[in-house]
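Engineer: Dropping in work05.txt, with compact mmCIF, C-alpha atoms.
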# COMPACT_ATOMS: atom_id res chain seq x y z
CA MET F 20 34.00 47.66 8.51
CA GLU F 21 33.98 47.82 4.72
CA LEU F 22 35.06 44.16 4.58
CA VAL F 23 32.05 43.12 6.70
CA VAL F 24 29.67 44.99 4.36
CA TRP F 25 31.18 43.28 1.29
CA ALA F 26 31.01 39.85 3.00
CA GLY F 27 27.36 40.48 3.85
CA ARG F 28 26.56 41.46 0.26
CA PHE F 29 28.34 38.36 -1.04
CA LEU F 30 26.45 36.10 1.40
CA LEU F 31 23.13 37.69 0.42
CA LEU F 32 23.93 37.14 -3.26
CA VAL F 33 24.80 33.46 -2.67
CA LEU F 34 21.57 32.91 -0.72
CA LEU F 35 19.55 34.59 -3.48
CA TYR F 36 21.07 32.32 -6.13
CA LEU F 37 20.39 29.22 -4.00
CA PHE F 38 16.77 30.29 -3.57
CA LEU F 39 16.33 30.86 -7.31
CA ALA F 40 17.89 27.46 -8.05
CA GLN F 41 15.33 25.78 -5.76
CA VAL F 42 12.44 27.64 -7.43
CA VAL F 43 13.60 26.57 -10.91
CA ARG F 44 14.09 22.97 -9.73
CA ALA F 45 10.57 22.83 -8.27
CA ALA F 46 9.04 24.34 -11.43
CA LEU F 47 10.86 21.86 -13.67
CA ARG F 48 9.75 18.94 -11.50
CA ASP F 49 6.09 19.99 -11.86
CA LEU F 50 6.44 20.47 -15.64
CA ARG F 51 8.12 17.11 -16.26
CA PRO F 52 5.76 14.47 -17.78
CA PRO F 53 4.90 11.54 -15.50
CA ALA F 54 7.03 8.42 -15.63
CA ALA F 55 5.66 5.32 -17.32
CA THR F 56 3.45 3.18 -15.10
CA PRO F 57 5.54 0.47 -13.45
CA GLU F 58 4.09 -2.98 -13.14
CA ALA F 59 2.31 -3.29 -9.84
CA PRO F 60 3.64 -6.13 -7.72
CA ALA F 61 1.67 -9.35 -7.57
CA ALA F 62 -1.06 -9.29 -4.94
CA GLY F 63 0.57 -9.53 -1.54
CA ALA F 64 4.15 -9.33 -2.81
CA GLY F 65 6.09 -7.12 -0.44
CA LEU F 66 3.03 -5.22 0.76
CA PRO F 67 1.54 -5.54 4.21
CA GLU F 68 -1.96 -6.99 4.16
CA ARG F 69 -3.64 -4.80 6.74
CA PRO F 70 -7.17 -3.67 7.44
CA PRO F 71 -7.58 0.10 7.55
CA ALA F 72 -7.52 1.50 11.06
CA GLY F 73 -10.93 1.53 12.70
CA LEU F 74 -12.66 -0.76 10.18
CA PRO F 75 -13.88 -4.30 10.88
CA GLU F 76 -12.11 -7.08 8.97
CA ALA F 77 -15.17 -7.63 6.73
CA ALA F 78 -14.99 -4.04 5.48
CA ALA F 79 -11.30 -4.43 4.65
CA ARG F 80 -11.77 -6.91 1.82
CA PRO F 81 -9.75 -6.39 -1.38
CA VAL F 82 -11.56 -4.27 -3.95
CA ALA F 83 -12.68 -6.05 -7.09
CA ALA F 84 -11.23 -4.40 -10.16
CA SER F 85 -14.05 -5.12 -12.58
CA PRO F 86 -15.44 -2.08 -14.40
CA GLY F 87 -17.93 -0.18 -12.26
CA ALA F 88 -16.96 -2.03 -9.09
CA ALA F 89 -15.04 0.74 -7.33
CA LEU F 90 -14.99 4.50 -7.02
CA LEU F 91 -13.28 7.29 -5.10
CA GLU F 92 -15.56 9.42 -2.94
CA VAL F 93 -14.48 12.84 -1.63
CA VAL F 94 -14.66 12.84 2.20
CA ALA F 95 -12.53 15.93 2.98
CA SER F 96 -11.95 18.96 0.78
CA PRO F 97 -11.28 22.69 1.10
CA GLY F 98 -14.28 23.30 -1.17
CA THR F 99 -13.46 21.89 -4.59
CA PRO F 100 -14.34 19.13 -5.34
CA PRO F 101 -17.46 19.09 -3.16
CA LEU F 102 -17.85 16.54 -0.37
CA GLY F 103 -19.58 13.37 -1.55
CA ARG F 104 -18.44 13.74 -5.17
CA ARG F 105 -17.70 10.31 -6.63
CA TYR F 106 -15.24 9.35 -9.35
CA PRO F 107 -15.45 5.89 -11.00
CA LEU F 108 -12.09 4.13 -10.99
CA ARG F 109 -10.40 2.91 -14.14
CA THR F 110 -6.86 1.85 -14.81
CA GLY F 111 -4.46 4.72 -15.45
CA LEU F 112 -6.63 7.31 -13.66
CA VAL F 113 -4.42 10.33 -12.91
CA ILE F 114 -5.04 12.74 -10.03
CA GLY F 115 -3.34 16.11 -10.29
CA ARG F 116 -3.59 19.87 -10.65
CA ALA F 117 -3.37 19.82 -14.48
CA ALA F 118 -6.60 20.38 -16.37
CA THR F 119 -5.79 17.21 -18.35
CA SER F 120 -5.84 15.04 -15.19
CA ASP F 121 -8.74 12.61 -14.85
CA ILE F 122 -9.40 14.13 -11.42
CA ALA F 123 -8.24 17.76 -11.60
CA LEU F 124 -7.82 19.35 -8.16
CA PRO F 125 -7.33 23.15 -7.99
CA ASP F 126 -5.17 22.83 -4.88
CA PRO F 127 -1.71 24.43 -4.57
CA PHE F 128 -0.56 21.41 -2.52
CA VAL F 129 -1.24 19.06 -5.46
CA SER F 130 1.41 18.50 -8.14
CA THR F 131 0.57 18.78 -11.84
CA THR F 132 0.48 14.96 -12.04
CA HIS F 133 0.36 13.81 -8.44
CA ALA F 134 -0.85 10.19 -8.24
CA ARG F 135 -2.12 7.39 -10.46
CA CYS F 136 -4.59 4.58 -9.79
CA VAL F 137 -3.91 1.31 -11.58
CA VAL F 138 -6.09 -1.80 -11.77
CA ARG F 139 -3.95 -4.96 -11.88
CA SER F 140 -4.27 -8.54 -10.69
CA GLY F 141 -7.85 -7.96 -9.56
CA ARG F 142 -6.79 -5.16 -7.20
CA VAL F 143 -6.76 -1.36 -7.18
CA TRP F 144 -3.29 0.13 -6.68
CA VAL F 145 -2.24 3.73 -6.11
CA GLU F 146 1.19 5.17 -6.74
CA ASP F 147 2.73 8.57 -6.19
CA LEU F 148 4.17 10.16 -9.36
CA GLY F 149 7.04 11.97 -7.65
CA SER F 150 4.91 14.68 -6.09
CA ARG F 151 6.52 17.19 -3.77
CA ASN F 152 3.98 16.77 -0.93
CA GLY F 153 3.50 13.02 -1.32
CA THR F 154 0.45 10.77 -1.45
CA LEU F 155 -1.01 9.30 1.73
CA VAL F 156 -2.96 6.09 2.25
CA ASN F 157 -4.69 5.99 5.63
CA GLY F 158 -2.44 8.83 6.82
CA HIS F 159 0.85 7.16 5.81
CA ARG F 160 3.03 8.51 3.00
CA ILE F 161 3.58 5.91 0.29
CA GLY F 162 6.85 5.24 -1.48
CA GLY F 163 5.70 2.85 -4.22
CA PRO F 164 2.56 1.16 -5.51
CA VAL F 165 0.17 0.28 -2.66
CA ALA F 166 -2.89 -1.98 -2.88
CA LEU F 167 -6.10 -0.31 -1.71
CA ARG F 168 -8.95 -1.93 0.20
CA ALA F 169 -12.56 -0.88 0.60
CA GLY F 170 -12.72 1.99 3.07
CA ASP F 171 -9.08 3.08 2.64
CA ARG F 172 -8.50 6.83 2.61
CA LEU F 173 -6.35 8.35 -0.12
CA THR F 174 -5.07 11.89 0.52
CA VAL F 175 -3.74 14.08 -2.29
CA GLY F 176 -2.93 17.63 -1.20
CA ARG F 177 -5.80 18.82 1.00
CA VAL F 178 -8.35 16.44 -0.57
CA THR F 179 -9.13 13.05 0.95
CA PHE F 180 -10.94 10.29 -0.95
CA ARG F 181 -12.44 7.07 0.42
CA LEU F 182 -12.38 3.91 -1.71
CA VAL F 183 -15.92 2.59 -2.15
CA ALA F 184 -16.52 -0.88 -3.55
CA ASP F 185 -20.31 -1.12 -3.73
CA GLU F 186 -21.58 -1.86 -7.24
CA GLN F 187 -25.01 -0.35 -6.42
CA GLN F 188 -23.39 2.96 -5.42
CA VAL F 189 -21.25 3.01 -8.57
CA SER F 190 -24.29 2.90 -10.87
CA THR F 191 -25.58 6.16 -9.32
CA ALA F 192 -22.18 7.89 -9.13
CA GLU F 193 -21.68 11.38 -10.52
CA VAL F 194 -19.27 11.62 -13.41
Starting from the coordinates I provided, produce the structure as structure tokens.
Structural biologist:
Amino acid sequence: MELVVWAGRFLLLVLLYLFLAQVVRAALRDLRPPAATPEAPAAGAGLPERPPAGLPEAAARPVAASPGAALLEVVASPGTPPLGRRYPLRTGLVIGRAATSDIALPDPFVSTTHARCVVRSGRVWVEDLGSRNGTLVNGHRIGGPVALRAGDRLTVGRVTFRLVADEQQVSTAEV
């Protein structure tokens, strides 16, 4: 009987150490600075050219990357940021939980530096920065840089953005 008690204590101790190791690993991953921005692939290289589900082909045109030509609009949120809030896109825009992020989201499901938007080759690209919960484009988790199209939905944590490419709407966007 005494042997069973000691074995149980030993097993509990091992499980406690494994749990603590996972907590430390997760904390270090969130504290690590983001990796340098990799070059986005040339337009169409290795990426499926697809219209977003439910949108007509005309609405799925590539987004022009000129300044003021595109923005991210909040379409789903647990409260912060408010629905309808718009963020003008620029190259290197970082979305994350850190106060230093370009779009700071106070969401526990968002990593410190979660995703980055990059403007290259006349297109808007999004890439996950090694976040724990991943970045989704139109409901699909991405594994590398993905080209966005007008109307695409970008989900980071519990916040969903829609890519808008209307120059008239950008001039009235909130900053």
Engineer: Quick one: residues within 6 Å of region 154-165 of chain F, only C-alpha atoms counted, chain neighbours fewer than 2 positions away excluded, as a VMD selection string?
Structural biologist: chain F and resid 144 to 147 172 to 175
Engineer: So what do you get for CA of Val143 (chain F) versus CA of Leu167 (chain F), distance-wise?
Structural biologist: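 CA of Leu167 (chain F) lies 5.6 Å from CA of Val143 (chain F).
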Engineer: Show which residues sit within 12 Å of Arg151 (chain F), as JSON, numbers by chain. Count all atoms listed in the file, and ignore same-chain residues fewer than 6 positions away.
Structural biologist: {"F": [44, 45, 46, 47, 48, 49, 115, 127, 128, 129, 130, 131, 132, 133, 134, 160, 175, 176]}
Engineer: Please provide as a PyMOL selection string all residues within 8 Å of Leu124 (chain F), with the sequence filter that same-chain residues fewer than 5 positions apart are discarded (counting only C-alpha atoms).
Structural biologist: chain F and resi 99-100+114-117+129
Engineer: With distances taken over all atoms listed in the file, which of F:Ala166, F:Val178, F:Val183, F:Trp25 is nearest to Ala95 (chain F)?
Structural biologist: F:Val178
Engineer: Could you check which of F:Pro107, F:Arg135, F:Gly98, F:Ala89 is closest to Arg168 (chain F), using all atoms listed in the file?
Structural biologist: F:Ala89
Engineer: For CA of Gly153 (chain F) and CA of Gly141 (chain F), quote the distance in Å rounded to one decimal.
Structural biologist: 25.2 Å
Engineer: Which is closest to Cys136 (chain F) among F:Leu91, F:Ala169, F:Leu102, F:Leu35, if we use all atoms listed in the file?
Structural biologist: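 Distance minimum relative to Cys136 (chain F) lands on F:Leu91.
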Engineer: For CA of Thr110 (chain F) and CA of Val94 (chain F), determine how far apart the two atoms are, in Å to one decimal place.
Structural biologist: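 These atoms are spaced 21.7 Å apart.
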